[in-house]
Amino acid sequence: MAVTVAARTNALPGQNAGNGRRGPALVPTAVLVIGAAYCIVPALWIVIAASKTPAQLFSSATYSPSLGPGIVTNVRDLSSYDGGVFWHWMLNSLLYASVGGILATAVSAAAGYAIAKYEFRGRKMIFNAILAGVLLPQQIVLAIPQYLLLSKIGLVDNYLGVILPQLFNPYGIYLCRIYAMGSIPDSLLEAGRIDGASEFRLFWSVGLRLMRSGLVTTFLLQFVVVWNNFLLPFVMLTSDDKFPLTVGLYSMLRHGADEASLYSLVITGTLLAVVPVIALFLSLQRYWRIDLVSGALK
Amino acid sequence: MTTLSPVARRRHSRHLLPYGLVLPAVVLFLLFVVAPGIYALILSFESRKVTGGLLGSTTTVMFAGLDNYVGALSDGGFWASLGRMLVVGIVTVGCTVGLALLFALLLDTPRARLTRFARLSIFLPYAVPGVIATLLWGFLYLPATSPIGGRVINYFGVTEVYFTVANVAIWGSVGFNMIVMYTALRSLPPEIYEAARLDGASDLQIAVRVKVPLLRPAIAMCCLFTVLAALQLFNEPNTLRPLSNAISSDWVPLMKIYTDAFVNADISSAAATSTLITVAALVVSLVAARMVQGQVGRAGKGDD
C-alpha cells in the first residue's frame, strides 16, 4: 500500500499542461457516470420504495416516488413493529459501532505509534503478527470458537461479547503505524525530550494531535466495520433487543419472507440503517480524506 | 522509582512506554485471535456424544484423531460449497479489481469531468453494510418489487444466482479498491508521463502502457483484499436465502460451518471444516502476499 508520500505537483487531473485547450474527455466521463449510476441507483430506488405504502410498492411504477404520506406511515409502522424494537436495534448499532470504534482506534493508535516511533524488543514480531492478522480471514476460523469461549465466561448474549472481539483491528494498527511514521517528525519528539517532556506526554499531546486526521479515518473505518458486521452478533446474540440493525433486519426479513406487508417495513428500515453512516462520513468530512483509507499520506 | 534521577527516570519510561502502548493490542490479539484459534484446533480433534434421555443428558468428549477431517473431506456438500464459492469468487475478484482499475484510470484521465462526483458516488456503497446492501439488491431482484426486470429475468436461476450474489459483493467493494488504486496513481510523479506524451502517446496509451505496469503492486494488494473477502463469503448468500430457495443452507463453506455448528450442533465437524478452509485461505493469501511483497516488504522495513 502506498507509503509513497511523493508529492505530485499538479494536484488536479485536468490541469495537465498542454491539454487545457481541448474539450472534456467524453468517453471517460461517460463511463464514470455509468459507474456512478450503478452505485447510486440502488440507493435511490430504496428511497423511492420507502416512500410507498405496501399496496403501492407492488402496484405503482417502480421509479415514480409516492408523494403521499407513505414514508411517514412506513416509519410509524416500523416504529411500532414488535414494540418498537427497530429503534432498539438502531441504538444498539450506534453503541456497538461508536464504543467499538473509539476503543479500537485508541488501541490501534497506541500500538501503531509505538511500532513506528520506538525500537523495542519484540517490535518486529508484533508487527509481523499484525500483518498476518491483516492477511488471515479471521471470520472463518474465529467467530464460532469465539462464541464457545465467551459462552464459558458468560459473555454470550451480552453487549461485551459483541464489542470485545472487535477491538483488535490489525488493519487499523497497520494504518496508524503509517500515519505515525508519516506525520510525526522524529526531530519534534527529540526537541520535546530535550525540553523535558515525558514520553507519555509526547505521545499524548504531540503524537495523537499530529495523527488526528489519520485517527479520524481509522475510527470511521472501524465504525463501518462494526456497523456492518453481521456474523459475530448473529452468532453471539439470542435476545432480539440486543441485536444490531444488520441482524435485526435480517431476522425481520426471515420472519416476514412470506408476508409481503413486511417488505415495506424492511425497505424503510434498510434506508434508515444507511443514513447514520453517511451522515457520519459527511459530518467528519473536515477531519479526514478519502485517500487516507488506503494509508496514503500527502 | 522515586530514587531514580529525572534523566534515568525518563530513560526508564522511554524503555517502558512502547511496551505499555502495545500491551492492549497484544492482549486482545492473544485473547480473541490466538486463544479461539487454538481452541478451534483442539475441537477439530474431538468428538462429542450426547447420551441420556429426558431427565438430563451427558456429553462425553473423546479424542477423535483425524475423523472429523476425514468426515469433512468426504462430505460432498463441502466440495459443492467450495465450488460455488470459487465460481462467485472468480467473478467477484475479476470484476471488482477490473472495474476498480478502470475507474481509477478514468479518474486520473486529464480531461475527464465530474470526477469528484463519480469518486464519491462509487465509494458510497462502502458505507452500506453487506447485509443491508443484500437486502437492498434483494428487493431489486425480487420479481414482485424489481425495478430491473425481475419479472423477465430470473435472478435466482441456476446460473444467474452466482452472478446475483457476486454483483452484491462487487457493488460493495469496487469503491474501496478504486480509492486504493487511485491513491497509488496520484502518488506517481507526473514527469514520468511527459516522455511518453512527447513521443505522441495518447491518454489511452499512457494509461495502458505506463500507468498499469506502475500500478502492479496496488493491483496485487486489491486482489489480495478481494480474495480474502471472497473466501469469507457469507453475508450476501445468507441474506438472500429467505428470498429464494435457490440458496441452500450450506451454499458456501462459511454457511456450511455455521449450519453444522448451530443448526446441527456438530461443533467438531464445524471446527474441522473451518480449520481446512483456514489452511486453504492461508495458502491463498501467502501466494497473493508474495505478489504484494514489494509493497508489504517496503512497508515492513520502512524505518528500520
# chains A, B, ... in the order shown; residues from 1 in each chain; ligands from 1

$ residues_around --residues "Leu101 (chain B)" --least-positions-apart "5" --cutoff "9 Å" --atoms "only C-alpha atoms" --output "list of chain:residue names"
B:Thr96, B:Leu106, B:Asn177, B:Met178, B:Met181, B:Tyr182, B:Val212, B:Ile219

$ select_by_dssp --residues "region 37-276 of chain A" --states "alpha helix (DSSP H)" --output "count of residues only"
176

$ closest_residue --among "B:Pro242, B:Gly65, B:Gly175, B:Gly150" --to "chain A" --atoms "only C-alpha atoms"
B:Pro242

$ residues_around --residues "Val93 (chain B)" --least-positions-apart "4" --cutoff "12 Å" --atoms "only C-alpha atoms" --output "ChimeraX atom specification"
/B:85-89,97-101,166-167,169-171,173-174,177,219-231,233

$ write_last_selection --atoms "N, CA and C atoms" --output "JSON list (two decimals), in the first residue's frame"
[["chain", "number", "residue", "atom", "x", "y", "z"],
["B", 85, "MET", "N", -18.30, -21.28, -3.98],
["B", 85, "MET", "CA", -17.52, -20.13, -3.52],
["B", 85, "MET", "C", -16.50, -19.74, -4.59],
["B", 86, "LEU", "N", -15.91, -20.75, -5.22],
["B", 86, "LEU", "CA", -14.90, -20.50, -6.25],
["B", 86, "LEU", "C", -15.51, -19.74, -7.43],
["B", 87, "VAL", "N", -16.69, -20.18, -7.88],
["B", 87, "VAL", "CA", -17.33, -19.52, -9.03],
["B", 87, "VAL", "C", -17.64, -18.07, -8.68],
["B", 88, "VAL", "N", -18.32, -17.86, -7.54],
["B", 88, "VAL", "CA", -18.65, -16.49, -7.14],
["B", 88, "VAL", "C", -17.36, -15.69, -6.95],
["B", 89, "GLY", "N", -16.35, -16.33, -6.34],
["B", 89, "GLY", "CA", -15.10, -15.64, -6.05],
["B", 89, "GLY", "C", -14.40, -15.16, -7.31],
["B", 97, "VAL", "N", -11.75, -5.97, -9.22],
["B", 97, "VAL", "CA", -10.44, -5.40, -9.48],
["B", 97, "VAL", "C", -10.43, -4.74, -10.86],
["B", 98, "GLY", "N", -11.06, -5.38, -11.84],
["B", 98, "GLY", "CA", -11.10, -4.81, -13.18],
["B", 98, "GLY", "C", -11.80, -3.46, -13.21],
["B", 99, "LEU", "N", -13.00, -3.41, -12.62],
["B", 99, "LEU", "CA", -13.75, -2.16, -12.61],
["B", 99, "LEU", "C", -13.04, -1.09, -11.79],
["B", 100, "ALA", "N", -12.48, -1.50, -10.64],
["B", 100, "ALA", "CA", -11.79, -0.52, -9.80],
["B", 100, "ALA", "C", -10.61, 0.09, -10.55],
["B", 101, "LEU", "N", -9.89, -0.76, -11.30],
["B", 101, "LEU", "CA", -8.75, -0.26, -12.08],
["B", 101, "LEU", "C", -9.24, 0.68, -13.18],
["B", 166, "ALA", "N", -22.60, -12.44, -6.70],
["B", 166, "ALA", "CA", -21.35, -11.73, -6.98],
["B", 166, "ALA", "C", -21.60, -10.23, -7.13],
["B", 167, "ASN", "N", -22.71, -9.88, -7.80],
["B", 167, "ASN", "CA", -22.99, -8.47, -8.06],
["B", 167, "ASN", "C", -23.08, -7.66, -6.77],
["B", 169, "ALA", "N", -21.59, -8.29, -3.97],
["B", 169, "ALA", "CA", -20.24, -8.15, -3.42],
["B", 169, "ALA", "C", -19.44, -7.13, -4.21],
["B", 170, "ILE", "N", -19.59, -7.15, -5.54],
["B", 170, "ILE", "CA", -18.86, -6.20, -6.40],
["B", 170, "ILE", "C", -19.31, -4.78, -6.08],
["B", 171, "TRP", "N", -20.63, -4.60, -6.02],
["B", 171, "TRP", "CA", -21.20, -3.27, -5.75],
["B", 171, "TRP", "C", -20.61, -2.69, -4.48],
["B", 173, "SER", "N", -17.70, -3.38, -3.04],
["B", 173, "SER", "CA", -16.25, -3.28, -2.84],
["B", 173, "SER", "C", -15.50, -2.55, -3.94],
["B", 174, "VAL", "N", -16.14, -2.24, -5.05],
["B", 174, "VAL", "CA", -15.43, -1.54, -6.13],
["B", 174, "VAL", "C", -14.84, -0.22, -5.61],
["B", 177, "ASN", "N", -11.54, -0.36, -3.49],
["B", 177, "ASN", "CA", -10.39, -0.74, -4.31],
["B", 177, "ASN", "C", -10.03, 0.35, -5.31],
["B", 219, "ILE", "N", -2.51, -3.15, -7.59],
["B", 219, "ILE", "CA", -3.46, -4.12, -8.14],
["B", 219, "ILE", "C", -3.36, -5.43, -7.35],
["B", 220, "ALA", "N", -2.12, -5.85, -7.07],
["B", 220, "ALA", "CA", -1.93, -7.08, -6.31],
["B", 220, "ALA", "C", -2.56, -6.96, -4.93],
["B", 221, "MET", "N", -2.38, -5.79, -4.31],
["B", 221, "MET", "CA", -2.96, -5.54, -2.99],
["B", 221, "MET", "C", -4.49, -5.68, -3.05],
["B", 222, "CYS", "N", -5.10, -5.10, -4.07],
["B", 222, "CYS", "CA", -6.56, -5.19, -4.21],
["B", 222, "CYS", "C", -6.99, -6.63, -4.45],
["B", 223, "CYS", "N", -6.20, -7.36, -5.25],
["B", 223, "CYS", "CA", -6.53, -8.77, -5.48],
["B", 223, "CYS", "C", -6.55, -9.50, -4.13],
["B", 224, "LEU", "N", -5.53, -9.23, -3.32],
["B", 224, "LEU", "CA", -5.45, -9.89, -2.01],
["B", 224, "LEU", "C", -6.67, -9.57, -1.16],
["B", 225, "PHE", "N", -7.03, -8.29, -1.09],
["B", 225, "PHE", "CA", -8.20, -7.91, -0.28],
["B", 225, "PHE", "C", -9.47, -8.60, -0.77],
["B", 226, "THR", "N", -9.66, -8.62, -2.10],
["B", 226, "THR", "CA", -10.92, -9.19, -2.61],
["B", 226, "THR", "C", -10.92, -10.71, -2.50],
["B", 227, "VAL", "N", -9.73, -11.33, -2.66],
["B", 227, "VAL", "CA", -9.67, -12.79, -2.50],
["B", 227, "VAL", "C", -10.03, -13.15, -1.05],
["B", 228, "LEU", "N", -9.47, -12.40, -0.10],
["B", 228, "LEU", "CA", -9.77, -12.67, 1.31],
["B", 228, "LEU", "C", -11.25, -12.48, 1.59],
["B", 229, "ALA", "N", -11.85, -11.45, 1.00],
["B", 229, "ALA", "CA", -13.28, -11.24, 1.21],
["B", 229, "ALA", "C", -14.08, -12.38, 0.59],
["B", 230, "ALA", "N", -13.64, -12.85, -0.59],
["B", 230, "ALA", "CA", -14.38, -13.92, -1.28],
["B", 230, "ALA", "C", -14.34, -15.21, -0.46],
["B", 231, "LEU", "N", -13.19, -15.47, 0.19],
["B", 231, "LEU", "CA", -13.10, -16.69, 1.00],
["B", 231, "LEU", "C", -14.07, -16.65, 2.17],
["B", 233, "LEU", "N", -17.05, -15.32, 2.10],
["B", 233, "LEU", "CA", -18.39, -15.05, 1.59],
["B", 233, "LEU", "C", -19.45, -15.68, 2.51]]

$ closest_residue --among "B:Ala72, B:Val287, B:Ala80, B:Val131" --to "chain A" --atoms "only C-alpha atoms"
B:Val131

$ residues_around --residues "Tyr287 (chain A)" --least-positions-apart "6" --cutoff "10 Å" --atoms "only C-alpha atoms" --output "NGL selection string"
:A and (212-217 or 281)

$ write_last_selection --atoms "N, CA and C atoms" --output "JSON list (two decimals), in the first residue's frame"
[["chain", "number", "residue", "atom", "x", "y", "z"],
["A", 212, "ARG", "N", -4.10, 13.24, 14.00],
["A", 212, "ARG", "CA", -5.55, 13.38, 14.15],
["A", 212, "ARG", "C", -6.36, 12.92, 12.92],
["A", 213, "SER", "N", -5.99, 13.42, 11.73],
["A", 213, "SER", "CA", -6.86, 13.05, 10.61],
["A", 213, "SER", "C", -6.75, 11.56, 10.31],
["A", 214, "GLY", "N", -5.57, 10.99, 10.57],
["A", 214, "GLY", "CA", -5.44, 9.55, 10.43],
["A", 214, "GLY", "C", -6.30, 8.80, 11.43],
["A", 215, "LEU", "N", -6.38, 9.32, 12.65],
["A", 215, "LEU", "CA", -7.18, 8.66, 13.68],
["A", 215, "LEU", "C", -8.66, 8.75, 13.36],
["A", 216, "VAL", "N", -9.09, 9.89, 12.83],
["A", 216, "VAL", "CA", -10.50, 10.00, 12.43],
["A", 216, "VAL", "C", -10.81, 8.98, 11.36],
["A", 217, "THR", "N", -9.86, 8.82, 10.40],
["A", 217, "THR", "CA", -10.08, 7.84, 9.35],
["A", 217, "THR", "C", -10.13, 6.42, 9.92],
["A", 281, "PHE", "N", -19.92, 10.09, 7.87],
["A", 281, "PHE", "CA", -18.88, 10.37, 6.89],
["A", 281, "PHE", "C", -18.89, 11.84, 6.50]]

$ closest_residue --among "A:Tyr96, A:Phe234, A:Tyr159, A:Phe86" --to "chain B" --atoms "only C-alpha atoms"
A:Phe234

$ atom_distance --atom1 "CA of Arg123 (chain A)" --atom2 "CA of Met211 (chain A)"
20.4 Å

$ atom_distance --atom1 "CA of Phe63 (chain B)" --atom2 "CA of Phe45 (chain B)"
6.1 Å

$ residues_around --residues "Ala272 (chain B)" --least-positions-apart "2" --cutoff "6 Å" --atoms "only C-alpha atoms" --output "list in words"
Ser44, Asn68, Tyr69, Ser269, Ala270, Ser274 and Thr275 of chain B

$ write_last_selection --atoms "C-alpha atoms" --output "PDB file, in the first residue's frame"
ATOM      1  CA  SER B  44     -11.453 -30.338  15.489  1.00  0.00           C
ATOM      2  CA  ASN B  68     -13.564 -35.018  11.673  1.00  0.00           C
ATOM      3  CA  TYR B  69     -11.188 -34.097   8.861  1.00  0.00           C
ATOM      4  CA  SER B 269     -17.080 -31.013  12.188  1.00  0.00           C
ATOM      5  CA  ALA B 270     -17.606 -27.277  12.063  1.00  0.00           C
ATOM      6  CA  SER B 274     -13.067 -24.142   9.468  1.00  0.00           C
ATOM      7  CA  THR B 275      -9.521 -25.364  10.014  1.00  0.00           C
TER       8      THR B 275
END

$ residues_around --residues "Pro28 (chain A)" --least-positions-apart "4" --cutoff "12 Å" --atoms "only C-alpha atoms" --output "mmCIF file with N, CA and C atoms, in the first residue's frame"
data_model
loop_
_atom_site.group_PDB
_atom_site.id
_atom_site.type_symbol
_atom_site.label_atom_id
_atom_site.label_comp_id
_atom_site.auth_asym_id
_atom_site.auth_seq_id
_atom_site.Cartn_x
_atom_site.Cartn_y
_atom_site.Cartn_z
ATOM 1 N N PRO A 24 -13.633 18.515 -22.780
ATOM 2 C CA PRO A 24 -13.609 17.389 -21.833
ATOM 3 C C PRO A 24 -13.536 16.049 -22.566
ATOM 4 N N LEU A 32 -17.490 6.971 -16.364
ATOM 5 C CA LEU A 32 -17.536 7.286 -14.928
ATOM 6 C C LEU A 32 -18.966 7.541 -14.467
ATOM 7 N N VAL A 33 -19.736 8.230 -15.304
ATOM 8 C CA VAL A 33 -21.129 8.499 -14.932
ATOM 9 C C VAL A 33 -21.918 7.198 -14.855
ATOM 10 N N ILE A 34 -21.640 6.274 -15.784
ATOM 11 C CA ILE A 34 -22.324 4.971 -15.725
ATOM 12 C C ILE A 34 -21.957 4.248 -14.425
ATOM 13 N N GLY A 35 -20.668 4.282 -14.088
ATOM 14 C CA GLY A 35 -20.223 3.653 -12.845
ATOM 15 C C GLY A 35 -20.895 4.270 -11.633
ATOM 16 N N LEU B 102 -10.312 0.259 -13.865
ATOM 17 C CA LEU B 102 -10.866 1.099 -14.932
ATOM 18 C C LEU B 102 -11.262 2.470 -14.386
ATOM 19 N N PHE B 103 -12.009 2.481 -13.286
ATOM 20 C CA PHE B 103 -12.477 3.758 -12.737
ATOM 21 C C PHE B 103 -11.308 4.610 -12.247
ATOM 22 N N ALA B 104 -10.317 3.951 -11.623
ATOM 23 C CA ALA B 104 -9.170 4.716 -11.133
ATOM 24 C C ALA B 104 -8.437 5.381 -12.290
ATOM 25 N N LEU B 105 -8.256 4.640 -13.387
ATOM 26 C CA LEU B 105 -7.564 5.213 -14.550
ATOM 27 C C LEU B 105 -8.378 6.347 -15.161
ATOM 28 N N LEU B 106 -9.700 6.160 -15.205
ATOM 29 C CA LEU B 106 -10.547 7.205 -15.791
ATOM 30 C C LEU B 106 -10.527 8.462 -14.929
ATOM 31 N N LEU B 107 -10.540 8.270 -13.609
ATOM 32 C CA LEU B 107 -10.488 9.433 -12.713
ATOM 33 C C LEU B 107 -9.198 10.213 -12.932
ATOM 34 N N ASP B 108 -8.144 9.495 -13.319
ATOM 35 C CA ASP B 108 -6.848 10.114 -13.484
ATOM 36 C C ASP B 108 -6.628 10.617 -14.914
ATOM 37 N N THR B 109 -7.647 10.450 -15.760
ATOM 38 C CA THR B 109 -7.522 10.939 -17.134
ATOM 39 C C THR B 109 -7.577 12.467 -17.119
ATOM 40 N N PRO B 110 -6.625 13.120 -17.798
ATOM 41 C CA PRO B 110 -6.520 14.575 -17.685
ATOM 42 C C PRO B 110 -7.825 15.334 -17.889
ATOM 43 N N ARG B 111 -8.595 15.027 -18.931
ATOM 44 C CA ARG B 111 -9.725 15.902 -19.211
ATOM 45 C C ARG B 111 -11.069 15.288 -18.808
ATOM 46 N N ALA B 112 -11.053 14.260 -17.984
ATOM 47 C CA ALA B 112 -12.325 13.689 -17.529
ATOM 48 C C ALA B 112 -13.029 14.690 -16.623
ATOM 49 N N ARG B 113 -14.348 14.751 -16.731
ATOM 50 C CA ARG B 113 -15.129 15.676 -15.906
ATOM 51 C C ARG B 113 -15.917 14.900 -14.841
ATOM 52 N N LEU B 114 -16.518 15.622 -13.948
ATOM 53 C CA LEU B 114 -17.383 15.041 -12.910
ATOM 54 C C LEU B 114 -16.632 14.031 -12.042
ATOM 55 N N THR B 115 -15.307 14.186 -11.956
ATOM 56 C CA THR B 115 -14.542 13.153 -11.257
ATOM 57 C C THR B 115 -14.844 13.122 -9.762
ATOM 58 N N ALA B 118 -18.115 11.357 -9.326
ATOM 59 C CA ALA B 118 -18.002 9.921 -9.603
ATOM 60 C C ALA B 118 -17.255 9.216 -8.469
ATOM 61 N N ASP B 203 -3.701 9.522 -24.309
ATOM 62 C CA ASP B 203 -4.010 9.246 -22.909
ATOM 63 C C ASP B 203 -4.241 7.762 -22.687
ATOM 64 N N LEU B 204 -4.927 7.136 -23.673
ATOM 65 C CA LEU B 204 -5.220 5.707 -23.550
ATOM 66 C C LEU B 204 -3.925 4.904 -23.510
ATOM 67 N N ALA B 207 -2.208 5.322 -20.256
ATOM 68 C CA ALA B 207 -2.879 4.560 -19.201
ATOM 69 C C ALA B 207 -2.471 3.097 -19.254
#

$ closest_residue --among "B:Ile247, B:Ala289, B:Ile192, B:Val208" --to "chain A" --atoms "only C-alpha atoms"
B:Ala289

$ select_by_dssp --residues "region 19-250 of chain B" --states "strand (DSSP E or B)" --output "list in words"
Glu46, Ser47, Arg48, Lys49, Val50, Thr51, Gly52, Gly53, Gly56, Ser57, Thr58, Thr59, Thr60, Val61, Met62 and Phe63 of chain B

$ write_last_selection --atoms "C-alpha atoms" --output "mmCIF file, in the first residue's frame"
data_model
loop_
_atom_site.group_PDB
_atom_site.id
_atom_site.type_symbol
_atom_site.label_atom_id
_atom_site.label_comp_id
_atom_site.auth_asym_id
_atom_site.auth_seq_id
_atom_site.Cartn_x
_atom_site.Cartn_y
_atom_site.Cartn_z
ATOM 1 C CA GLU B 46 -12.585 -34.179 19.396
ATOM 2 C CA SER B 47 -15.909 -35.834 19.037
ATOM 3 C CA ARG B 48 -18.904 -35.294 21.232
ATOM 4 C CA LYS B 49 -21.542 -37.825 22.050
ATOM 5 C CA VAL B 50 -24.720 -36.778 23.817
ATOM 6 C CA THR B 51 -26.208 -39.649 25.807
ATOM 7 C CA GLY B 52 -29.147 -39.801 28.149
ATOM 8 C CA GLY B 53 -32.820 -39.172 27.913
ATOM 9 C CA GLY B 56 -30.813 -34.798 31.709
ATOM 10 C CA SER B 57 -28.165 -35.785 29.253
ATOM 11 C CA THR B 58 -24.416 -36.034 29.486
ATOM 12 C CA THR B 59 -21.951 -35.117 26.817
ATOM 13 C CA THR B 60 -18.875 -37.268 26.512
ATOM 14 C CA VAL B 61 -15.866 -35.824 24.760
ATOM 15 C CA MET B 62 -13.490 -38.230 23.070
ATOM 16 C CA PHE B 63 -10.305 -37.840 21.089
#

$ residues_around --residues "Ile115 (chain A)" --least-positions-apart "5" --cutoff "10 Å" --atoms "only C-alpha atoms" --output "list in words"
Ala109, Ala110, Phe120, Gly122, Arg123, Lys124, Ile126, Phe127, Ile173, Tyr174, Cys176, Arg177, Ile178, Ala180 and Met181 of chain A; Pro18, Tyr19, Leu21, Val22 and Asp303 of chain B

$ atom_distance --atom1 "CA of Trp89 (chain A)" --atom2 "CA of Leu237 (chain A)"
12.2 Å

$ closest_residue --among "B:Arg84, B:Arg151, B:Arg209, B:Arg186" --to "chain A" --atoms "only C-alpha atoms"
B:Arg186
